[in-house]
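Heads up, the thing below is written out as structure tokens.
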Amino acid sequence: MGRIIFISPCCCFLLGISLSIICCNALLPLRSSKRFSTPGWSNNNNNKRAAAKRSAVVSVTISGTEGQTDLTQTDYVLEPIPIRIGHGFDIHRMAPIEEAGQPLIIAGVVVEHSNQKWLDVEGKYVSKGNVYETQLGVVAHSDGDVVYHSIVDAIFGALTLPDIGQVFQDNDARWKGCDSSKFMDYAYEVMTRYGYKIGNVDVTLILERPKVAAVKPLMKENIVRLLKTTHGRVNIKARTHERMDSAGELRSLSCHVVLTLERRTEEDDDA
């Protein structure tokens with residue numbers, strides 16, 4: 001099943017050395033591929049002592065934000081602990097496709113489905129409180145991929161960085177309709193340059209309908225590819241809300257992600 005990519009006319013440009021820029025159209029790495037690990041942290045004791053006097057520096061400049069605080073830069077030392085744990089959560093409204101304006105995209109997969117029984121609580125399409133059978137889409141500023149957003153949020157959380165909503169604000173026109181795989185590319189770049197790799201990822205998707213069992217392998221494949229990890233480190237579970245609340249009424253979907261990050265080794269960097 002193919003991936004629909006929404007392309008925005010927004011553009012961005014690159015500034016500095018060993019920085020990365022992300023925009024709706026592409027993730028554009030600069031020349032340096034060295035990671036953002038806390039300066040000086042290595043197996044060398046002298047480097048460790050020197051690093052204790054400095055702060056971690058991770059800097060990304062996005063067009064139009066010059067002079068503003070870089071939300072991915074810490075003013076404290078990010079200790080190179082062996083394992084970090086992150087949790088991410090995201091939720092979006094679902095609505096008839098004509099209202100949402102875009103399809104239902106989960107973990108990079110466009111979920112094709114038959115007409116679903118969506119509860120019209122406002123009476124927009126049928127009498128208030130009655131069921132409207134329709135194709136569903138997701139209401140969001142970007143493409144509304146709850147799995148990708150939750151993974152990015154979990155990576156940022158594990159690294160003690162601000163949440164995805166602060167880094168990619170939903171009132172910024174540059175992210176309108178943005179393919180969320182670009183956010184994943186960016187999170188991977190930040191994680192790698194801080195000196196970490198994926199330990200494991202556990203995804204819990206909460207979605208009443210449509211059913212996604214048939215496309216979960218495709219979702220997993222996308223996550224493995226974007227995070228440059230292995231199938232044995234990624235798991236996807238899906239559950240319903242037993243017809244309760246907005247999720248049970250097909251008016252929303254949400255996702256929880258718990259993941260671990262492991263310190264990268266010299267072998268990882270040479271791979």
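In the structure tokens, each chain is lettered A, B, ... as it comes, each chain's residues begin at 1, and ligands are numbered from 1 in order of appearance.
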(message) Quick one: residues within 9 Å of segment 122-137 of chain A, only C-alpha atoms, excluding same-chain residues fewer than 5 positions away - as an NGL selection string?
(response) :A and (93-105 or 112-117 or 210 or 250)
(message) Could you check the closest approach to Arg263 of chain A for each of A:Thr192, A:Thr230, A:Ser246, A:Asn200 and tell me which residue wins, using only C-alpha atoms?
(response)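 So, comparing all the options, the nearest one is A:Thr192.
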According to DSSP computed on the backbone, where in segment 140-239 of chain A is there alpha helix (DSSP H)? Give the residues as a compact mmCIF listing (two decimals) with all heavy atoms, in the first residue's frame.
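states26.txt was written with the following content:
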# COMPACT_ATOMS: atom_id res chain seq x y z
N VAL A 146 -0.72 9.97 14.27
CA VAL A 146 -0.58 9.90 15.73
C VAL A 146 0.57 9.02 16.17
O VAL A 146 1.18 9.26 17.22
CB VAL A 146 -1.89 9.43 16.41
CG1 VAL A 146 -3.00 10.45 16.24
CG2 VAL A 146 -2.32 8.06 15.91
N VAL A 147 0.90 7.99 15.40
CA VAL A 147 2.01 7.10 15.78
C VAL A 147 3.34 7.83 15.62
O VAL A 147 4.16 7.84 16.55
CB VAL A 147 1.98 5.81 14.95
CG1 VAL A 147 3.27 4.99 15.19
CG2 VAL A 147 0.77 4.96 15.30
N TYR A 148 3.57 8.43 14.47
CA TYR A 148 4.82 9.15 14.28
C TYR A 148 4.96 10.30 15.28
O TYR A 148 6.04 10.51 15.84
CB TYR A 148 4.88 9.72 12.85
CG TYR A 148 5.22 8.71 11.78
CD1 TYR A 148 5.24 9.09 10.44
CD2 TYR A 148 5.52 7.39 12.08
CE1 TYR A 148 5.56 8.19 9.43
CE2 TYR A 148 5.84 6.48 11.09
CZ TYR A 148 5.86 6.88 9.76
OH TYR A 148 6.18 5.99 8.76
N HIS A 149 3.89 11.03 15.52
CA HIS A 149 3.96 12.14 16.47
C HIS A 149 4.31 11.64 17.87
O HIS A 149 5.08 12.27 18.60
CB HIS A 149 2.64 12.90 16.50
CG HIS A 149 2.32 13.60 15.22
ND1 HIS A 149 1.17 14.32 15.03
CD2 HIS A 149 3.02 13.69 14.05
CE1 HIS A 149 1.16 14.83 13.80
NE2 HIS A 149 2.27 14.46 13.19
N SER A 150 3.73 10.53 18.27
CA SER A 150 3.99 9.99 19.61
C SER A 150 5.43 9.50 19.74
O SER A 150 6.06 9.66 20.80
CB SER A 150 3.02 8.85 19.92
OG SER A 150 1.69 9.31 19.95
N ILE A 151 5.97 8.90 18.68
CA ILE A 151 7.36 8.45 18.72
C ILE A 151 8.31 9.64 18.83
O ILE A 151 9.25 9.63 19.64
CB ILE A 151 7.69 7.60 17.47
CG1 ILE A 151 6.94 6.27 17.52
CG2 ILE A 151 9.20 7.36 17.37
CD1 ILE A 151 7.07 5.44 16.25
N VAL A 152 8.07 10.67 18.04
CA VAL A 152 8.91 11.87 18.11
C VAL A 152 8.84 12.47 19.51
O VAL A 152 9.87 12.85 20.09
CB VAL A 152 8.47 12.90 17.05
CG1 VAL A 152 9.20 14.23 17.26
CG2 VAL A 152 8.73 12.38 15.64
N ASP A 153 7.64 12.56 20.06
CA ASP A 153 7.46 13.11 21.40
C ASP A 153 8.22 12.28 22.43
O ASP A 153 8.82 12.83 23.37
CB ASP A 153 5.97 13.13 21.73
CG ASP A 153 5.58 14.29 22.63
OD1 ASP A 153 6.25 15.34 22.57
OD2 ASP A 153 4.61 14.14 23.38
N ALA A 154 8.21 10.96 22.28
CA ALA A 154 8.90 10.09 23.23
C ALA A 154 10.41 10.25 23.13
O ALA A 154 11.12 10.24 24.15
CB ALA A 154 8.50 8.64 22.98
N ILE A 155 10.92 10.40 21.91
CA ILE A 155 12.37 10.62 21.74
C ILE A 155 12.78 11.94 22.38
O ILE A 155 13.76 12.01 23.12
CB ILE A 155 12.75 10.58 20.26
CG1 ILE A 155 12.61 9.16 19.71
CG2 ILE A 155 14.19 11.08 20.05
CD1 ILE A 155 12.80 9.06 18.20
N PHE A 156 12.02 13.00 22.10
CA PHE A 156 12.32 14.30 22.72
C PHE A 156 12.26 14.19 24.24
O PHE A 156 13.09 14.75 24.96
CB PHE A 156 11.33 15.36 22.24
CG PHE A 156 11.54 15.82 20.82
CD1 PHE A 156 10.61 16.64 20.21
CD2 PHE A 156 12.66 15.45 20.10
CE1 PHE A 156 10.80 17.09 18.90
CE2 PHE A 156 12.86 15.88 18.79
CZ PHE A 156 11.91 16.70 18.19
N GLY A 157 11.25 13.49 24.76
CA GLY A 157 11.12 13.35 26.20
C GLY A 157 12.29 12.61 26.83
O GLY A 157 12.78 13.00 27.89
N ALA A 158 12.73 11.54 26.18
CA ALA A 158 13.86 10.78 26.71
C ALA A 158 15.12 11.63 26.77
O ALA A 158 15.97 11.42 27.65
CB ALA A 158 14.10 9.55 25.84
N ILE A 164 6.88 17.81 21.01
CA ILE A 164 6.76 18.02 19.57
C ILE A 164 5.90 19.24 19.24
O ILE A 164 6.15 19.94 18.26
CB ILE A 164 6.19 16.76 18.88
CG1 ILE A 164 6.19 16.92 17.35
CG2 ILE A 164 4.83 16.40 19.41
CD1 ILE A 164 5.78 15.66 16.60
N GLY A 165 4.90 19.51 20.07
CA GLY A 165 4.03 20.66 19.82
C GLY A 165 4.74 21.99 19.98
O GLY A 165 4.31 22.99 19.40
N GLN A 166 5.81 22.03 20.75
CA GLN A 166 6.60 23.25 20.89
C GLN A 166 7.60 23.40 19.74
O GLN A 166 7.83 24.51 19.27
CB GLN A 166 7.35 23.24 22.23
CG GLN A 166 6.46 23.35 23.45
CD GLN A 166 7.27 23.23 24.73
OE1 GLN A 166 7.45 22.14 25.27
NE2 GLN A 166 7.77 24.36 25.22
N VAL A 167 8.17 22.29 19.32
CA VAL A 167 9.16 22.34 18.25
C VAL A 167 8.51 22.57 16.90
O VAL A 167 9.00 23.36 16.08
CB VAL A 167 9.99 21.04 18.24
CG1 VAL A 167 11.00 21.06 17.09
CG2 VAL A 167 10.73 20.86 19.57
N SER A 181 6.68 11.88 8.42
CA SER A 181 7.94 11.14 8.37
C SER A 181 9.12 12.11 8.45
O SER A 181 10.21 11.73 8.91
CB SER A 181 8.04 10.31 7.09
OG SER A 181 8.17 11.13 5.94
N LYS A 182 8.90 13.36 8.06
CA LYS A 182 9.96 14.37 8.18
C LYS A 182 10.26 14.69 9.64
O LYS A 182 11.40 14.94 10.02
CB LYS A 182 9.57 15.63 7.42
CG LYS A 182 9.30 15.42 5.93
CD LYS A 182 10.45 14.71 5.24
CE LYS A 182 10.12 14.43 3.79
NZ LYS A 182 11.20 13.63 3.15
N PHE A 183 9.22 14.67 10.48
CA PHE A 183 9.44 14.87 11.91
C PHE A 183 10.23 13.68 12.48
O PHE A 183 11.08 13.85 13.36
CB PHE A 183 8.11 14.99 12.65
CG PHE A 183 7.22 16.12 12.16
CD1 PHE A 183 5.85 16.08 12.37
CD2 PHE A 183 7.74 17.22 11.52
CE1 PHE A 183 5.03 17.11 11.94
CE2 PHE A 183 6.94 18.26 11.08
CZ PHE A 183 5.57 18.20 11.30
N MET A 184 9.93 12.49 11.97
CA MET A 184 10.67 11.30 12.41
C MET A 184 12.14 11.39 11.99
O MET A 184 13.04 11.06 12.77
CB MET A 184 10.02 10.05 11.82
CG MET A 184 8.68 9.69 12.40
SD MET A 184 8.82 8.76 13.96
CE MET A 184 9.19 7.12 13.30
N ASP A 185 12.38 11.83 10.76
CA ASP A 185 13.77 12.01 10.30
C ASP A 185 14.52 12.96 11.22
O ASP A 185 15.67 12.72 11.59
CB ASP A 185 13.78 12.57 8.88
CG ASP A 185 13.36 11.57 7.82
OD1 ASP A 185 13.42 10.36 8.08
OD2 ASP A 185 12.96 12.00 6.73
N TYR A 186 13.85 14.04 11.58
CA TYR A 186 14.48 15.04 12.43
C TYR A 186 14.77 14.49 13.83
O TYR A 186 15.85 14.68 14.38
CB TYR A 186 13.59 16.27 12.52
CG TYR A 186 14.11 17.31 13.47
CD1 TYR A 186 15.25 18.03 13.17
CD2 TYR A 186 13.46 17.57 14.68
CE1 TYR A 186 15.74 18.98 14.06
CE2 TYR A 186 13.94 18.51 15.55
CZ TYR A 186 15.09 19.21 15.24
OH TYR A 186 15.57 20.14 16.11
N ALA A 187 13.79 13.77 14.40
CA ALA A 187 13.98 13.19 15.73
C ALA A 187 15.12 12.18 15.72
O ALA A 187 15.92 12.12 16.67
CB ALA A 187 12.69 12.53 16.20
N TYR A 188 15.22 11.41 14.66
CA TYR A 188 16.33 10.46 14.56
C TYR A 188 17.67 11.20 14.52
O TYR A 188 18.63 10.79 15.16
CB TYR A 188 16.18 9.60 13.30
CG TYR A 188 17.37 8.69 13.07
CD1 TYR A 188 17.48 7.48 13.75
CD2 TYR A 188 18.42 9.08 12.22
CE1 TYR A 188 18.59 6.67 13.58
CE2 TYR A 188 19.52 8.27 12.05
CZ TYR A 188 19.61 7.06 12.72
OH TYR A 188 20.71 6.27 12.56
N GLU A 189 17.72 12.29 13.77
CA GLU A 189 18.96 13.06 13.67
C GLU A 189 19.36 13.63 15.04
O GLU A 189 20.52 13.56 15.44
CB GLU A 189 18.78 14.19 12.66
CG GLU A 189 20.00 15.06 12.44
CD GLU A 189 21.05 14.38 11.59
OE1 GLU A 189 20.80 13.28 11.07
OE2 GLU A 189 22.14 14.96 11.47
N VAL A 190 18.40 14.18 15.75
CA VAL A 190 18.69 14.72 17.08
C VAL A 190 19.16 13.62 18.02
O VAL A 190 20.15 13.76 18.74
CB VAL A 190 17.45 15.44 17.66
CG1 VAL A 190 17.67 15.82 19.12
CG2 VAL A 190 17.13 16.69 16.84
N MET A 191 18.44 12.50 18.03
CA MET A 191 18.80 11.36 18.88
C MET A 191 20.22 10.88 18.59
O MET A 191 21.02 10.65 19.51
CB MET A 191 17.80 10.23 18.65
CG MET A 191 18.15 8.91 19.29
SD MET A 191 16.95 7.61 18.85
CE MET A 191 17.35 7.37 17.10
N THR A 192 20.54 10.73 17.32
CA THR A 192 21.85 10.23 16.92
C THR A 192 22.96 11.18 17.32
O THR A 192 24.00 10.79 17.85
CB THR A 192 21.90 10.00 15.40
OG1 THR A 192 20.87 9.07 15.04
CG2 THR A 192 23.24 9.45 14.96
N ARG A 193 22.74 12.45 17.10
CA ARG A 193 23.79 13.42 17.39
C ARG A 193 23.94 13.70 18.88
O ARG A 193 24.97 14.22 19.31
CB ARG A 193 23.52 14.71 16.61
CG ARG A 193 23.65 14.46 15.12
CD ARG A 193 23.61 15.74 14.33
NE ARG A 193 23.74 15.45 12.91
CZ ARG A 193 23.81 16.38 11.98
NH1 ARG A 193 23.76 17.65 12.32
NH2 ARG A 193 23.91 16.04 10.72
N LYS A 216 -0.72 -3.54 10.04
CA LYS A 216 0.28 -3.35 11.09
C LYS A 216 1.69 -3.73 10.64
O LYS A 216 2.66 -3.05 11.01
CB LYS A 216 -0.12 -4.11 12.35
CG LYS A 216 -1.19 -3.43 13.17
CD LYS A 216 -1.16 -3.84 14.63
CE LYS A 216 -1.37 -5.32 14.83
NZ LYS A 216 -1.41 -5.67 16.26
N PRO A 217 1.87 -4.79 9.85
CA PRO A 217 3.24 -5.07 9.37
C PRO A 217 3.83 -3.93 8.55
O PRO A 217 5.04 -3.66 8.65
CB PRO A 217 3.04 -6.34 8.53
CG PRO A 217 1.84 -7.00 9.11
CD PRO A 217 0.93 -5.88 9.50
N LEU A 218 3.00 -3.26 7.74
CA LEU A 218 3.49 -2.12 6.98
C LEU A 218 3.87 -0.97 7.90
O LEU A 218 4.88 -0.28 7.69
CB LEU A 218 2.43 -1.66 5.99
CG LEU A 218 2.09 -2.61 4.84
CD1 LEU A 218 0.94 -2.05 4.02
CD2 LEU A 218 3.31 -2.83 3.95
N MET A 219 3.07 -0.74 8.92
CA MET A 219 3.37 0.30 9.90
C MET A 219 4.70 0.03 10.58
O MET A 219 5.55 0.92 10.73
CB MET A 219 2.26 0.38 10.94
CG MET A 219 0.91 0.79 10.40
SD MET A 219 -0.34 0.77 11.72
CE MET A 219 -1.81 1.26 10.79
N LYS A 220 4.89 -1.22 10.99
CA LYS A 220 6.14 -1.59 11.66
C LYS A 220 7.33 -1.40 10.74
O LYS A 220 8.38 -0.90 11.15
CB LYS A 220 6.05 -3.04 12.14
CG LYS A 220 7.28 -3.53 12.88
CD LYS A 220 7.03 -4.89 13.52
CE LYS A 220 8.24 -5.37 14.30
NZ LYS A 220 7.97 -6.62 15.05
N GLU A 221 7.16 -1.80 9.49
CA GLU A 221 8.23 -1.65 8.51
C GLU A 221 8.65 -0.19 8.37
O GLU A 221 9.85 0.13 8.31
CB GLU A 221 7.78 -2.19 7.16
CG GLU A 221 8.89 -2.40 6.16
CD GLU A 221 9.83 -3.52 6.54
OE1 GLU A 221 9.36 -4.55 7.06
OE2 GLU A 221 11.05 -3.34 6.34
N ASN A 222 7.69 0.71 8.35
CA ASN A 222 7.99 2.14 8.23
C ASN A 222 8.77 2.65 9.43
O ASN A 222 9.72 3.43 9.30
CB ASN A 222 6.70 2.94 8.06
CG ASN A 222 6.08 2.78 6.69
OD1 ASN A 222 6.76 2.42 5.73
ND2 ASN A 222 4.79 3.06 6.58
N ILE A 223 8.35 2.25 10.62
CA ILE A 223 9.03 2.70 11.84
C ILE A 223 10.47 2.18 11.89
O ILE A 223 11.41 2.91 12.20
CB ILE A 223 8.25 2.25 13.09
CG1 ILE A 223 6.88 2.94 13.13
CG2 ILE A 223 9.03 2.55 14.36
CD1 ILE A 223 5.93 2.38 14.18
N VAL A 224 10.63 0.90 11.58
CA VAL A 224 11.97 0.31 11.56
C VAL A 224 12.88 1.06 10.59
O VAL A 224 14.04 1.38 10.90
CB VAL A 224 11.89 -1.19 11.17
CG1 VAL A 224 13.28 -1.75 10.88
CG2 VAL A 224 11.22 -1.99 12.29
N ARG A 225 12.36 1.36 9.42
CA ARG A 225 13.16 2.05 8.39
C ARG A 225 13.53 3.46 8.83
O ARG A 225 14.70 3.87 8.71
CB ARG A 225 12.37 2.10 7.08
CG ARG A 225 13.00 2.94 5.98
CD ARG A 225 12.20 2.85 4.70
NE ARG A 225 10.78 3.12 4.91
CZ ARG A 225 10.25 4.34 5.01
NH1 ARG A 225 11.03 5.42 4.92
NH2 ARG A 225 8.95 4.50 5.19
N LEU A 226 12.58 4.21 9.34
CA LEU A 226 12.85 5.61 9.70
C LEU A 226 13.78 5.74 10.90
O LEU A 226 14.57 6.67 10.98
CB LEU A 226 11.52 6.33 9.98
CG LEU A 226 10.66 6.61 8.74
CD1 LEU A 226 9.27 7.07 9.17
CD2 LEU A 226 11.31 7.65 7.84
N LEU A 227 13.68 4.81 11.84
CA LEU A 227 14.52 4.87 13.04
C LEU A 227 15.79 4.06 12.87
O LEU A 227 16.60 3.97 13.80
CB LEU A 227 13.74 4.38 14.25
CG LEU A 227 12.52 5.22 14.64
CD1 LEU A 227 11.83 4.64 15.87
CD2 LEU A 227 12.90 6.68 14.88
(message) Between atom CA of Ser252 of chain A and atom CA of Lys237 of chain A, what distance in Å does the model show, to one decimal?
(response) 17.1 Å
(request) Determine which residues of segment 112-226 of chain A receive a DSSP assignment of strand (DSSP E), computed from the backbone, and state them as a ChimeraX atom specification. (result) /A:116-120,130-134,136-139,196-206
(request) Can you pull out every residue within 8 Å of segment 254-262 of chain A, counting only C-alpha atoms, but drop anything in the same chain fewer than 2 positions away, and send it as an MDAnalysis selection string? (result) chainID A and resid 82:92 146:147 150:151 154:155 158 196:207 247 252 264
(message) My list of candidates is A:Ala238, A:Thr229, A:Thr160, A:Gly177. Which is closest to Tyr194 of chain A when distances are computed with only C-alpha atoms?
(response) A:Thr160
